[in-house]
Amino acid sequence: MKKNHSFSASLLILAIFFISPDSSAQYTKWEKDTEFNGIKFKKIHFRDDGNESLFASGILKQETMIEGYPCHGEVDLSKNGKLQFFILSKTHNVAGNEFKKNTQVIIHKNKGYTIHCIYKPMVQGYHVKKTPYRNPLFMGSSNFSLYPSGKLERFQPVDNVEIQSIWCRPSPARGAVTLYESGKLKKCTSAKEQIIQGQKVEKNFSLKFDEDGTLTYWKKEKIFD
């Protein structure tokens with residue numbers, strides 16, 4: 001019975017999402033064929049609700065280099081005109097990592113990068129799941145992110161992967177594989193029954209490690225009622 005309630009609640013949330021007023025209501029009217037911050041836009045609009053986290057959102061008139069990135073399509077700018085979101089117009093380097101055309105990049109001030117790839121990229125030796133952002137039901141989640149340094153922070157692997165002798169599996173429900181900036185394993189979901197530092201863990205156990213690599217948490221967490 002509880003499962004039915006949970007399912008109904010999920011449907012209700014989706015229904016609210018789709019019938020909610022368009023988010024563009026938070027913006028001014030579109031300005032067409034204009035220039036802002038030296039950038040030519042097919043159209044652009046601005047927030048008028050005092051929110052400084054996002055100042056302008058627009059569609060570029062042509063492929064444009066912005067802050068060293070080749071961009072096309074949509075871009076978002078902060079209150080001070082800094083790039084916050086863009087789409088690569090061709091293969092290019094982002095924080096030391098090469099990504100293909102149409103990769104979406106979200107820049108978080110002092111907090112790194114969220115990456116949306118419509119292909120399965122190889123990032124620092126790990127094969128990462130693609131992000132289906134073109135799917136109409138895409139809700140904005142990403143399969144990986146980078147530290148400000150460009151080091152891999154979290155990701156959903158394509159298949160089970162061995163990291164420092166620990167077998168981890170992709171698990172959207174239990175969370176991504178997370179690494180320390182040093183590259184050491186921080187969190188993952190166990191891919192199988194295995195012995196870790198003398199401790200028997202089962203498949204789907206949530207695992208956590210400290211920066212020295214010591215296992216500090218192992219438990220099969222309850223995901224659904």
# chains A, B, ... in the order shown; residues from 1 in each chain; ligands from 1

call {"tool": "residues_around", "arguments": {"residues": "A:Ile115", "least_positions_apart": "4", "cutoff": "9 Å", "atoms": "only C-alpha atoms", "output": "list in words"}}
result
Thr103, Gln104, Val105, Ile106, Ile107, Thr131, Ser142, Asn143, Phe144, Ser145 and Leu146 of chain A

call {"tool": "write_last_selection", "arguments": {"atoms": "C-alpha atoms", "output": "PDB file, in the first residue's frame"}}
result
ATOM      1  CA  THR A 103      28.142  19.180 -24.277  1.00  0.00           C
ATOM      2  CA  GLN A 104      26.298  21.381 -21.772  1.00  0.00           C
ATOM      3  CA  VAL A 105      28.364  22.992 -19.016  1.00  0.00           C
ATOM      4  CA  ILE A 106      27.093  24.630 -15.819  1.00  0.00           C
ATOM      5  CA  ILE A 107      29.676  26.706 -13.960  1.00  0.00           C
ATOM      6  CA  THR A 131      22.946  12.500 -19.868  1.00  0.00           C
ATOM      7  CA  SER A 142      23.602  15.005 -14.337  1.00  0.00           C
ATOM      8  CA  ASN A 143      25.765  11.926 -14.501  1.00  0.00           C
ATOM      9  CA  PHE A 144      28.915  13.716 -13.421  1.00  0.00           C
ATOM     10  CA  SER A 145      30.550  16.821 -12.022  1.00  0.00           C
ATOM     11  CA  LEU A 146      34.046  18.249 -11.649  1.00  0.00           C
TER      12      LEU A 146
END

call {"tool": "closest_atom_pairs", "arguments": {"of": "stretch 55-156 of chain A", "to": "stretch 168-174 of chain A", "cutoff": "10 Å", "atoms": "only C-alpha atoms", "output": "Markdown table"}}
result
| residue | atom | partner | partner_atom | distance |
| --- | --- | --- | --- | --- |
| A:Val128 | CA | A:Pro170 | CA | 9.5 |
| A:Lys129 | CA | A:Pro170 | CA | 8.8 |
| A:Ser141 | CA | A:Pro172 | CA | 9.8 |
| A:Asn143 | CA | A:Pro172 | CA | 8.7 |
| A:Phe155 | CA | A:Pro170 | CA | 8.6 |
| A:Gln156 | CA | A:Pro170 | CA | 5.2 |

call {"tool": "residues_around", "arguments": {"residues": "A:Lys208", "least_positions_apart": "3", "cutoff": "7 Å", "atoms": "only C-alpha atoms", "output": "ChimeraX atom specification"}}
result
/A:186-188,215-218

call {"tool": "select_by_dssp", "arguments": {"residues": "stretch 17-206 of chain A", "states": "strand (DSSP E)", "output": "NGL selection string"}}
result
:A and (31-36 or 39-46 or 56-60 or 64-66 or 69-71 or 74-77 or 83-87 or 92-94 or 97-99 or 104-108 or 112-116 or 122-123 or 126-127 or 144-146 or 152-155 or 161-163 or 166-169 or 177-179 or 185-190 or 194-196 or 199-201 or 206)

call {"tool": "write_last_selection", "arguments": {"atoms": "C-alpha atoms", "output": "PDB file, in the first residue's frame"}}
result
ATOM      1  CA  GLU A  31      14.653  41.389 -26.679  1.00  0.00           C
ATOM      2  CA  LYS A  32      15.432  40.249 -30.240  1.00  0.00           C
ATOM      3  CA  ASP A  33      18.468  40.834 -32.476  1.00  0.00           C
ATOM      4  CA  THR A  34      20.380  42.700 -29.805  1.00  0.00           C
ATOM      5  CA  GLU A  35      23.862  42.900 -28.297  1.00  0.00           C
ATOM      6  CA  PHE A  36      24.732  42.534 -24.604  1.00  0.00           C
ATOM      7  CA  ILE A  39      27.789  39.363 -27.431  1.00  0.00           C
ATOM      8  CA  LYS A  40      25.268  39.202 -30.283  1.00  0.00           C
ATOM      9  CA  PHE A  41      22.004  37.486 -29.381  1.00  0.00           C
ATOM     10  CA  LYS A  42      19.135  36.236 -31.504  1.00  0.00           C
ATOM     11  CA  LYS A  43      17.074  36.917 -28.383  1.00  0.00           C
ATOM     12  CA  ILE A  44      17.736  37.572 -24.699  1.00  0.00           C
ATOM     13  CA  HIS A  45      15.744  38.301 -21.547  1.00  0.00           C
ATOM     14  CA  PHE A  46      16.603  39.359 -17.993  1.00  0.00           C
ATOM     15  CA  ALA A  56      20.397  37.011 -18.317  1.00  0.00           C
ATOM     16  CA  SER A  57      19.467  34.064 -20.484  1.00  0.00           C
ATOM     17  CA  GLY A  58      19.635  34.179 -24.249  1.00  0.00           C
ATOM     18  CA  ILE A  59      20.063  32.428 -27.571  1.00  0.00           C
ATOM     19  CA  LEU A  60      23.230  33.318 -29.438  1.00  0.00           C
ATOM     20  CA  THR A  64      30.671  32.864 -30.259  1.00  0.00           C
ATOM     21  CA  MET A  65      33.803  32.620 -28.109  1.00  0.00           C
ATOM     22  CA  ILE A  66      32.869  33.576 -24.541  1.00  0.00           C
ATOM     23  CA  TYR A  69      34.780  28.692 -24.713  1.00  0.00           C
ATOM     24  CA  PRO A  70      33.266  28.169 -28.196  1.00  0.00           C
ATOM     25  CA  CYS A  71      29.524  28.490 -27.553  1.00  0.00           C
ATOM     26  CA  GLU A  74      21.620  29.011 -25.167  1.00  0.00           C
ATOM     27  CA  VAL A  75      23.879  30.783 -22.670  1.00  0.00           C
ATOM     28  CA  ASP A  76      23.175  32.088 -19.150  1.00  0.00           C
ATOM     29  CA  LEU A  77      25.062  34.966 -17.580  1.00  0.00           C
ATOM     30  CA  LEU A  83      29.203  32.825 -17.968  1.00  0.00           C
ATOM     31  CA  GLN A  84      27.111  30.371 -15.930  1.00  0.00           C
ATOM     32  CA  PHE A  85      25.746  27.987 -18.551  1.00  0.00           C
ATOM     33  CA  PHE A  86      26.768  27.259 -22.134  1.00  0.00           C
ATOM     34  CA  ILE A  87      26.749  24.628 -24.874  1.00  0.00           C
ATOM     35  CA  HIS A  92      36.904  21.782 -26.596  1.00  0.00           C
ATOM     36  CA  ASN A  93      38.707  21.653 -23.266  1.00  0.00           C
ATOM     37  CA  VAL A  94      36.829  22.419 -20.031  1.00  0.00           C
ATOM     38  CA  ASN A  97      39.013  17.736 -19.818  1.00  0.00           C
ATOM     39  CA  GLU A  98      38.090  17.460 -23.499  1.00  0.00           C
ATOM     40  CA  PHE A  99      34.390  17.268 -24.377  1.00  0.00           C
ATOM     41  CA  GLN A 104      26.298  21.381 -21.772  1.00  0.00           C
ATOM     42  CA  VAL A 105      28.364  22.992 -19.016  1.00  0.00           C
ATOM     43  CA  ILE A 106      27.093  24.630 -15.819  1.00  0.00           C
ATOM     44  CA  ILE A 107      29.676  26.706 -13.960  1.00  0.00           C
ATOM     45  CA  HIS A 108      29.158  26.928 -10.204  1.00  0.00           C
ATOM     46  CA  GLY A 112      33.170  23.400  -9.899  1.00  0.00           C
ATOM     47  CA  TYR A 113      31.252  22.249 -12.957  1.00  0.00           C
ATOM     48  CA  THR A 114      28.211  20.137 -13.760  1.00  0.00           C
ATOM     49  CA  ILE A 115      28.480  18.442 -17.141  1.00  0.00           C
ATOM     50  CA  HIS A 116      25.748  17.068 -19.437  1.00  0.00           C
ATOM     51  CA  MET A 122      35.814   8.820 -20.913  1.00  0.00           C
ATOM     52  CA  VAL A 123      36.816  11.132 -18.060  1.00  0.00           C
ATOM     53  CA  TYR A 126      36.351   6.331 -16.100  1.00  0.00           C
ATOM     54  CA  HIS A 127      33.623   5.612 -18.645  1.00  0.00           C
ATOM     55  CA  PHE A 144      28.915  13.716 -13.421  1.00  0.00           C
ATOM     56  CA  SER A 145      30.550  16.821 -12.022  1.00  0.00           C
ATOM     57  CA  LEU A 146      34.046  18.249 -11.649  1.00  0.00           C
ATOM     58  CA  LEU A 152      36.406  14.285 -11.320  1.00  0.00           C
ATOM     59  CA  GLU A 153      34.111  14.663  -8.299  1.00  0.00           C
ATOM     60  CA  ARG A 154      31.099  12.426  -8.889  1.00  0.00           C
ATOM     61  CA  PHE A 155      29.869  10.235 -11.747  1.00  0.00           C
ATOM     62  CA  VAL A 161      33.906  -0.461 -12.152  1.00  0.00           C
ATOM     63  CA  GLU A 162      36.791  -1.369  -9.855  1.00  0.00           C
ATOM     64  CA  ILE A 163      38.224   1.603  -7.965  1.00  0.00           C
ATOM     65  CA  ILE A 166      36.511  -1.825  -4.549  1.00  0.00           C
ATOM     66  CA  TRP A 167      33.814  -2.910  -7.002  1.00  0.00           C
ATOM     67  CA  CYS A 168      31.251  -0.134  -7.530  1.00  0.00           C
ATOM     68  CA  ARG A 169      28.101  -0.065  -9.611  1.00  0.00           C
ATOM     69  CA  VAL A 177      30.312   7.247  -7.318  1.00  0.00           C
ATOM     70  CA  THR A 178      32.042  10.111  -5.488  1.00  0.00           C
ATOM     71  CA  LEU A 179      35.784  10.756  -5.351  1.00  0.00           C
ATOM     72  CA  LEU A 185      37.195   6.778  -3.475  1.00  0.00           C
ATOM     73  CA  LYS A 186      34.782   8.623  -1.176  1.00  0.00           C
ATOM     74  CA  LYS A 187      31.378   6.979  -1.731  1.00  0.00           C
ATOM     75  CA  CYS A 188      29.834   4.318  -3.949  1.00  0.00           C
ATOM     76  CA  THR A 189      27.328   1.471  -4.158  1.00  0.00           C
ATOM     77  CA  SER A 190      28.772  -2.037  -3.882  1.00  0.00           C
ATOM     78  CA  GLN A 194      32.885  -8.556  -1.467  1.00  0.00           C
ATOM     79  CA  ILE A 195      35.288  -8.392   1.448  1.00  0.00           C
ATOM     80  CA  ILE A 196      36.565  -4.881   2.155  1.00  0.00           C
ATOM     81  CA  GLN A 199      34.345  -6.565   6.422  1.00  0.00           C
ATOM     82  CA  LYS A 200      31.841  -8.547   4.361  1.00  0.00           C
ATOM     83  CA  VAL A 201      29.559  -6.242   2.351  1.00  0.00           C
ATOM     84  CA  SER A 206      26.179   2.035   0.353  1.00  0.00           C
TER      85      SER A 206
END

call {"tool": "atom_distance", "arguments": {"atom1": "atom CA of A:Gly68", "atom2": "atom CA of A:Gly150"}}
result
15.7 Å

call {"tool": "residues_around", "arguments": {"residues": "A:Asn110", "least_positions_apart": "4", "cutoff": "10 Å", "atoms": "only C-alpha atoms", "output": "PyMOL selection string"}}
result
chain A and resi 147-149

call {"tool": "closest_residue", "arguments": {"among": "A:Asn204, A:Ser165, A:Phe55, A:Asn102", "to": "A:Asn80", "atoms": "only C-alpha atoms"}}
result
A:Phe55

call {"tool": "select_by_dssp", "arguments": {"residues": "stretch 1-222 of chain A", "states": "helix (DSSP H, G or I)", "output": "number ranges by chain"}}
result
A: 2-19, 23-26

call {"tool": "write_last_selection", "arguments": {"atoms": "C-alpha atoms", "output": "short mmCIF file (atom, residue, chain, number, x, y, z; two decimals), in the first residue's frame"}}
result
data_model
loop_
_atom_site.label_atom_id
_atom_site.label_comp_id
_atom_site.auth_asym_id
_atom_site.auth_seq_id
_atom_site.Cartn_x
_atom_site.Cartn_y
_atom_site.Cartn_z
CA LYS A 2 2.80 2.39 0.86
CA LYS A 3 4.37 1.75 -2.54
CA ASN A 4 1.11 2.84 -4.20
CA HIS A 5 1.07 6.03 -2.14
CA SER A 6 4.67 6.75 -3.14
CA PHE A 7 3.85 6.16 -6.80
CA SER A 8 0.81 8.43 -6.58
CA ALA A 9 2.89 11.14 -4.94
CA SER A 10 5.45 10.88 -7.73
CA LEU A 11 2.72 11.29 -10.36
CA LEU A 12 1.38 14.31 -8.50
CA ILE A 13 4.81 15.95 -8.46
CA LEU A 14 5.19 15.35 -12.21
CA ALA A 15 1.72 16.77 -12.85
CA ILE A 16 2.52 19.91 -10.86
CA PHE A 17 5.76 20.28 -12.80
CA PHE A 18 4.03 20.16 -16.17
CA ILE A 19 1.08 22.46 -15.33
CA SER A 23 9.50 29.90 -15.64
CA SER A 24 9.92 32.71 -18.17
CA ALA A 25 7.41 34.64 -16.01
CA GLN A 26 10.41 35.50 -13.84
#
